[in-house]
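Participant: To start, I am sharing the structure in question, which I have written as structure tokens.
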Protein chains: 2
Amino acid sequence: MRILGVDPGLTRCGLGTIDTAGGRRVSLVDMRVVRSAAELAPHKRLLLIAEGLDEVLDTFHPDVVAVERVFAQSNVRSVTGTAQVAGIVMLAAARRHLALGMHTPSEVKAAVTGSGRADKKQVQIMVQRILGLTELPRPADAADSLAIAITQAWRGGAASLHAEPDRAQHGGAGSLPRAVGGDLTPAQKIWASAERMSRRHGAVAPKN
Amino acid sequence: MRILGVDPGLTRCGLGTIDTAGGRRVSLVDMRVVRSAAELAPHKRLLLIAEGLDEVLDTFHPDVVAVERVFAQSNVRSVTGTAQVAGIVMLAAARRHLALGMHTPSEVKAAVTGSGRADKKQVQIMVQRILGLTELPRPADAADSLAIAITQAWRGGAASLHAEPDRAQHGGAGSLPRAVGGDLTPAQKIWASAERMSRRHGAVAPKN
């Protein structure tokens, strides 16, 4: 199954695509950030993001789209822009009949680092290890989009277009139990070891 | 010039279309509310709203789209949904190369009632009078969308697709000076009289 993870934003929108192969095995397909300048008219900004999104959807044909669930926090203006981008991503998924998953930032951090309060650096490091990348995924928005896609692969819970959002499960991956040791694949072992490291240190030095 | 005003919302999205004929003269073209049930998957809800919006755009071909500018207030969840809908409306305007205007709720209330703190009933009454309708526009979301369109007609300030949002003016209506007496058209007299009434009373009894 192929998953597109989206870290929605008007200035930078992270788009990370991964493949899952059962269990915790995931691999990188594509990672990019679409940008729009703050000086542009607001609907022009959304159009640029939508065009970048369409390009990814047309090129990689994901089965599921996973988006960060937006909450109003400190900066109201940026939250509004973020929610606008999330809206166009959700609509694009619906128009293509794709299942949609939504995950809060703390769910994503917890899924990939073991801590819901991990910082951006920790997320980058864990995404690098989980996907077996030779360097840190940059910028942070791109790493976040991959983390969202990984969370979708591991936690499942995507709603199909006609299902109720909370009960529905996507037909593919579904919610996999979290690895707790035992019969781990090599990738799972890397993940489990990195997870322990990220719990021990505030920030872990990258492998290479 | 034809203006589509949008009161964005996931549960009810008001879509009000008016024509302007210079000065303060405006007339009703269409008024409708698109709904989506809370039980549906979130992207399905946005799809239903987008389809209703497309129908209006394809049928009435507005020159400008005016949307309520969303702010995070008390209910974070509904603000997020509102911003998502605003995002898809803004994108639809961009995809059709339409100018976009955005107005805060208090700007809209001030434009049509003379008070930025008017209640929904006052807005309904003033929209009825300004457009010369035989009955109150219902539901309130529909009246609000017409009030947003009227605000756009009177205040102007729509950004074209390639302009900076704050400096750009739409080529058509532009910002008209507010009527302050003197040579008023019949419609302006109705507006001025109704504005005085709405200032005097918390809620004014409808004409008929």
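In the structure tokens, the first chain shown is A, the next is B, and so on; residue numbers restart at 1 for each chain, and ligands run from 1 in the order shown.
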Just want the 7 Å neighbourhood of Val64 (chain A), counted on only C-alpha atoms, with same-chain residues fewer than 3 positions away dropped. Output as a PyMOL selection string.
Facilitator: chain A and resi 2-4+98-100
Participant: Just the selected residues (C-alpha atoms), exported as a JSON list (two decimals), in the first residue's frame, please.
Facilitator:
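selection-v5.json, written as the output of this step:
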```json
[["chain", "number", "residue", "atom", "x", "y", "z"],
["A", 2, "ARG", "CA", 1.16, 3.51, -0.81],
["A", 3, "ILE", "CA", 0.57, 6.39, 1.61],
["A", 4, "LEU", "CA", 0.91, 10.12, 1.08],
["A", 98, "LEU", "CA", -8.96, 7.88, -1.61],
["A", 99, "ALA", "CA", -9.23, 6.94, 2.04],
["A", 100, "LEU", "CA", -8.23, 9.67, 4.47]]
```
Participant: Quick one: everything within 8 Å of Gly5 (chain B), counting only C-alpha atoms, minus sequence neighbours fewer than 6 positions away in the same chain. Send it as an MDAnalysis selection string.
Facilitator: chainID B and resid 14:17 65:67 145:150 152
Participant: May I have the selected residues written with C-alpha atoms, as a PDB file, in the first residue's frame?
Facilitator:
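The resulting file, out-v5.pdb, is shown below:
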```
ATOM      1  CA  GLY B  14     -24.410  29.695   2.746  1.00  0.00           C
ATOM      2  CA  LEU B  15     -24.015  30.661  -0.930  1.00  0.00           C
ATOM      3  CA  GLY B  16     -25.595  33.976  -1.923  1.00  0.00           C
ATOM      4  CA  THR B  17     -25.275  35.524  -5.380  1.00  0.00           C
ATOM      5  CA  VAL B  65     -16.082  35.514  -4.787  1.00  0.00           C
ATOM      6  CA  ALA B  66     -16.304  37.001  -1.296  1.00  0.00           C
ATOM      7  CA  VAL B  67     -15.692  34.798   1.749  1.00  0.00           C
ATOM      8  CA  SER B 145     -23.762  34.881   2.581  1.00  0.00           C
ATOM      9  CA  LEU B 146     -25.830  37.636   0.946  1.00  0.00           C
ATOM     10  CA  ALA B 147     -24.547  40.132   3.537  1.00  0.00           C
ATOM     11  CA  ILE B 148     -20.980  39.133   2.633  1.00  0.00           C
ATOM     12  CA  ALA B 149     -21.752  39.646  -1.074  1.00  0.00           C
ATOM     13  CA  ILE B 150     -23.290  43.063  -0.321  1.00  0.00           C
ATOM     14  CA  GLN B 152     -18.048  43.078  -1.218  1.00  0.00           C
TER      15      GLN B 152
END
```
Participant: I need the residue nearest chain B from this list: A:Ala38, A:Val108, A:Leu28, A:Leu131. Use only C-alpha atoms for the distance.
Facilitator: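 Ranked by minimum distance to chain B, first place goes to A:Ala38.
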Participant: Based on DSSP run over this structure's backbone, return all residues of region 87-161 of chain B in strand (DSSP E or B), as a list in words.
Facilitator: Ala99, Leu100, Gly101, Met102, His103 and Ala159 of chain B
Participant: Give the residues of chain B that lie within 6 Å of chain A; count only C-alpha atoms, and format the answer as number ranges by chain.
Facilitator: B: 39-41, 43-44, 46-47, 80, 83-84, 87-88, 90-91, 94, 161, 163-165
Participant: Using N, CA, C and O atoms, can you export the residues from the last selection as a PDB file, in the first residue's frame?
Facilitator:
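Heads up, here's the output in again03.pdb:
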```pdb
ATOM      1  N   GLU B  39     -22.119  12.947  10.468  1.00  0.00           N
ATOM      2  CA  GLU B  39     -21.745  11.528  10.548  1.00  0.00           C
ATOM      3  C   GLU B  39     -20.835  11.103   9.405  1.00  0.00           C
ATOM      4  O   GLU B  39     -20.231  10.033   9.460  1.00  0.00           O
ATOM      5  N   LEU B  40     -20.784  11.887   8.353  1.00  0.00           N
ATOM      6  CA  LEU B  40     -19.978  11.504   7.187  1.00  0.00           C
ATOM      7  C   LEU B  40     -18.487  11.667   7.464  1.00  0.00           C
ATOM      8  O   LEU B  40     -18.088  12.450   8.338  1.00  0.00           O
ATOM      9  N   ALA B  41     -17.666  10.959   6.686  1.00  0.00           N
ATOM     10  CA  ALA B  41     -16.215  11.146   6.755  1.00  0.00           C
ATOM     11  C   ALA B  41     -15.911  12.610   6.414  1.00  0.00           C
ATOM     12  O   ALA B  41     -16.587  13.210   5.578  1.00  0.00           O
ATOM     13  N   HIS B  43     -13.655  14.183   4.702  1.00  0.00           N
ATOM     14  CA  HIS B  43     -13.392  14.595   3.318  1.00  0.00           C
ATOM     15  C   HIS B  43     -14.633  14.460   2.432  1.00  0.00           C
ATOM     16  O   HIS B  43     -14.802  15.185   1.466  1.00  0.00           O
ATOM     17  N   LYS B  44     -15.537  13.529   2.801  1.00  0.00           N
ATOM     18  CA  LYS B  44     -16.814  13.434   2.095  1.00  0.00           C
ATOM     19  C   LYS B  44     -17.627  14.714   2.316  1.00  0.00           C
ATOM     20  O   LYS B  44     -18.286  15.222   1.401  1.00  0.00           O
ATOM     21  N   LEU B  46     -16.485  17.738   2.881  1.00  0.00           N
ATOM     22  CA  LEU B  46     -15.913  18.803   2.057  1.00  0.00           C
ATOM     23  C   LEU B  46     -16.278  18.612   0.584  1.00  0.00           C
ATOM     24  O   LEU B  46     -16.512  19.583  -0.137  1.00  0.00           O
ATOM     25  N   LEU B  47     -16.339  17.353   0.148  1.00  0.00           N
ATOM     26  CA  LEU B  47     -16.702  17.075  -1.243  1.00  0.00           C
ATOM     27  C   LEU B  47     -18.128  17.542  -1.544  1.00  0.00           C
ATOM     28  O   LEU B  47     -18.389  18.138  -2.585  1.00  0.00           O
ATOM     29  N   THR B  80     -11.934  25.130  12.757  1.00  0.00           N
ATOM     30  CA  THR B  80     -11.111  24.342  11.843  1.00  0.00           C
ATOM     31  C   THR B  80     -11.925  23.924  10.626  1.00  0.00           C
ATOM     32  O   THR B  80     -11.484  24.090   9.487  1.00  0.00           O
ATOM     33  N   ALA B  83     -12.543  26.942   8.417  1.00  0.00           N
ATOM     34  CA  ALA B  83     -11.348  27.316   7.650  1.00  0.00           C
ATOM     35  C   ALA B  83     -11.103  26.329   6.510  1.00  0.00           C
ATOM     36  O   ALA B  83     -10.666  26.722   5.421  1.00  0.00           O
ATOM     37  N   GLN B  84     -11.391  25.044   6.745  1.00  0.00           N
ATOM     38  CA  GLN B  84     -11.238  24.055   5.666  1.00  0.00           C
ATOM     39  C   GLN B  84     -12.175  24.394   4.506  1.00  0.00           C
ATOM     40  O   GLN B  84     -11.779  24.346   3.332  1.00  0.00           O
ATOM     41  N   GLY B  87     -10.989  27.378   2.658  1.00  0.00           N
ATOM     42  CA  GLY B  87      -9.874  27.006   1.794  1.00  0.00           C
ATOM     43  C   GLY B  87     -10.345  26.447   0.461  1.00  0.00           C
ATOM     44  O   GLY B  87      -9.821  26.817  -0.598  1.00  0.00           O
ATOM     45  N   ILE B  88     -11.356  25.585   0.480  1.00  0.00           N
ATOM     46  CA  ILE B  88     -11.804  25.007  -0.796  1.00  0.00           C
ATOM     47  C   ILE B  88     -12.542  26.045  -1.638  1.00  0.00           C
ATOM     48  O   ILE B  88     -12.482  26.004  -2.864  1.00  0.00           O
ATOM     49  N   MET B  90     -11.772  29.311  -1.634  1.00  0.00           N
ATOM     50  CA  MET B  90     -10.704  30.156  -2.170  1.00  0.00           C
ATOM     51  C   MET B  90     -10.016  29.462  -3.350  1.00  0.00           C
ATOM     52  O   MET B  90      -9.701  30.084  -4.370  1.00  0.00           O
ATOM     53  N   LEU B  91      -9.789  28.152  -3.200  1.00  0.00           N
ATOM     54  CA  LEU B  91      -9.149  27.403  -4.287  1.00  0.00           C
ATOM     55  C   LEU B  91     -10.041  27.373  -5.530  1.00  0.00           C
ATOM     56  O   LEU B  91      -9.559  27.538  -6.656  1.00  0.00           O
ATOM     57  N   ALA B  94      -9.696  30.564  -7.295  1.00  0.00           N
ATOM     58  CA  ALA B  94      -8.402  30.651  -7.985  1.00  0.00           C
ATOM     59  C   ALA B  94      -8.413  29.820  -9.264  1.00  0.00           C
ATOM     60  O   ALA B  94      -7.926  30.246 -10.310  1.00  0.00           O
ATOM     61  N   LEU B 161      -5.907  37.313  -8.840  1.00  0.00           N
ATOM     62  CA  LEU B 161      -5.126  36.109  -8.564  1.00  0.00           C
ATOM     63  C   LEU B 161      -3.639  36.403  -8.424  1.00  0.00           C
ATOM     64  O   LEU B 161      -2.925  35.695  -7.718  1.00  0.00           O
ATOM     65  N   ALA B 163      -2.277  39.479  -7.566  1.00  0.00           N
ATOM     66  CA  ALA B 163      -2.013  40.736  -6.854  1.00  0.00           C
ATOM     67  C   ALA B 163      -1.689  40.471  -5.395  1.00  0.00           C
ATOM     68  O   ALA B 163      -1.987  39.420  -4.854  1.00  0.00           O
ATOM     69  N   GLU B 164      -1.067  41.451  -4.789  1.00  0.00           N
ATOM     70  CA  GLU B 164      -0.881  41.390  -3.345  1.00  0.00           C
ATOM     71  C   GLU B 164      -2.232  41.670  -2.702  1.00  0.00           C
ATOM     72  O   GLU B 164      -2.951  42.561  -3.120  1.00  0.00           O
ATOM     73  N   PRO B 165      -2.584  40.892  -1.694  1.00  0.00           N
ATOM     74  CA  PRO B 165      -3.951  40.926  -1.186  1.00  0.00           C
ATOM     75  C   PRO B 165      -4.385  42.271  -0.617  1.00  0.00           C
ATOM     76  O   PRO B 165      -5.520  42.667  -0.796  1.00  0.00           O
TER      77      PRO B 165
END
```
Participant: For Val123 (chain B), which residue out of B:Asp144, B:Asp54, B:Glu107, B:Asp63 is the nearest one, using only C-alpha atoms?
Facilitator: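 Using only C-alpha atoms, Val123 (chain B) sits closest to B:Asp144.
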Participant: Got a sec: who's within 12 Å of Thr59 (chain B), counting only C-alpha atoms, leaving out chain neighbours fewer than 2 positions off, as a PyMOL selection string?
Facilitator: chain B and resi 4+17+29-30+52-57+61-62
Participant: Selection from above, N, CA and C atoms, as a PDB file, in the first residue's frame, can you write it?
Facilitator:
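Writing the result to again23.pdb gives the following:
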```pdb
ATOM      1  N   LEU B   4     -20.509  36.367  -5.733  1.00  0.00           N
ATOM      2  CA  LEU B   4     -20.929  35.242  -4.891  1.00  0.00           C
ATOM      3  C   LEU B   4     -20.369  35.457  -3.495  1.00  0.00           C
ATOM      4  N   THR B  17     -25.761  34.844  -4.176  1.00  0.00           N
ATOM      5  CA  THR B  17     -25.275  35.524  -5.380  1.00  0.00           C
ATOM      6  C   THR B  17     -26.102  36.781  -5.623  1.00  0.00           C
ATOM      7  N   VAL B  29     -29.697  37.304  -7.015  1.00  0.00           N
ATOM      8  CA  VAL B  29     -29.657  36.357  -8.129  1.00  0.00           C
ATOM      9  C   VAL B  29     -30.033  34.963  -7.637  1.00  0.00           C
ATOM     10  N   ASP B  30     -29.407  34.548  -6.551  1.00  0.00           N
ATOM     11  CA  ASP B  30     -29.648  33.193  -6.028  1.00  0.00           C
ATOM     12  C   ASP B  30     -29.231  33.146  -4.576  1.00  0.00           C
ATOM     13  N   GLY B  52     -21.618  21.478  -4.282  1.00  0.00           N
ATOM     14  CA  GLY B  52     -22.653  22.519  -4.246  1.00  0.00           C
ATOM     15  C   GLY B  52     -22.114  23.860  -4.716  1.00  0.00           C
ATOM     16  N   LEU B  53     -20.887  24.149  -4.326  1.00  0.00           N
ATOM     17  CA  LEU B  53     -20.233  25.385  -4.755  1.00  0.00           C
ATOM     18  C   LEU B  53     -20.020  25.388  -6.271  1.00  0.00           C
ATOM     19  N   ASP B  54     -19.524  24.276  -6.797  1.00  0.00           N
ATOM     20  CA  ASP B  54     -19.293  24.184  -8.249  1.00  0.00           C
ATOM     21  C   ASP B  54     -20.587  24.419  -9.026  1.00  0.00           C
ATOM     22  N   GLU B  55     -21.683  23.894  -8.493  1.00  0.00           N
ATOM     23  CA  GLU B  55     -22.968  24.061  -9.181  1.00  0.00           C
ATOM     24  C   GLU B  55     -23.328  25.541  -9.289  1.00  0.00           C
ATOM     25  N   VAL B  56     -23.107  26.275  -8.188  1.00  0.00           N
ATOM     26  CA  VAL B  56     -23.401  27.712  -8.200  1.00  0.00           C
ATOM     27  C   VAL B  56     -22.468  28.442  -9.166  1.00  0.00           C
ATOM     28  N   LEU B  57     -21.191  28.116  -9.131  1.00  0.00           N
ATOM     29  CA  LEU B  57     -20.222  28.780 -10.008  1.00  0.00           C
ATOM     30  C   LEU B  57     -20.532  28.488 -11.473  1.00  0.00           C
ATOM     31  N   HIS B  61     -21.955  31.993 -12.808  1.00  0.00           N
ATOM     32  CA  HIS B  61     -20.734  32.631 -13.300  1.00  0.00           C
ATOM     33  C   HIS B  61     -20.426  33.973 -12.642  1.00  0.00           C
ATOM     34  N   PRO B  62     -20.217  33.986 -11.324  1.00  0.00           N
ATOM     35  CA  PRO B  62     -19.874  35.260 -10.675  1.00  0.00           C
ATOM     36  C   PRO B  62     -18.505  35.759 -11.138  1.00  0.00           C
TER      37      PRO B  62
END
```
Participant: Pick out the residues sitting within 9 Å of Ser106 (chain B), and hand them over as a PyMOL selection string; count only C-alpha atoms, and ignore anything fewer than 4 positions along from it in its own chain.
Facilitator: chain B and resi 110-111+115-118
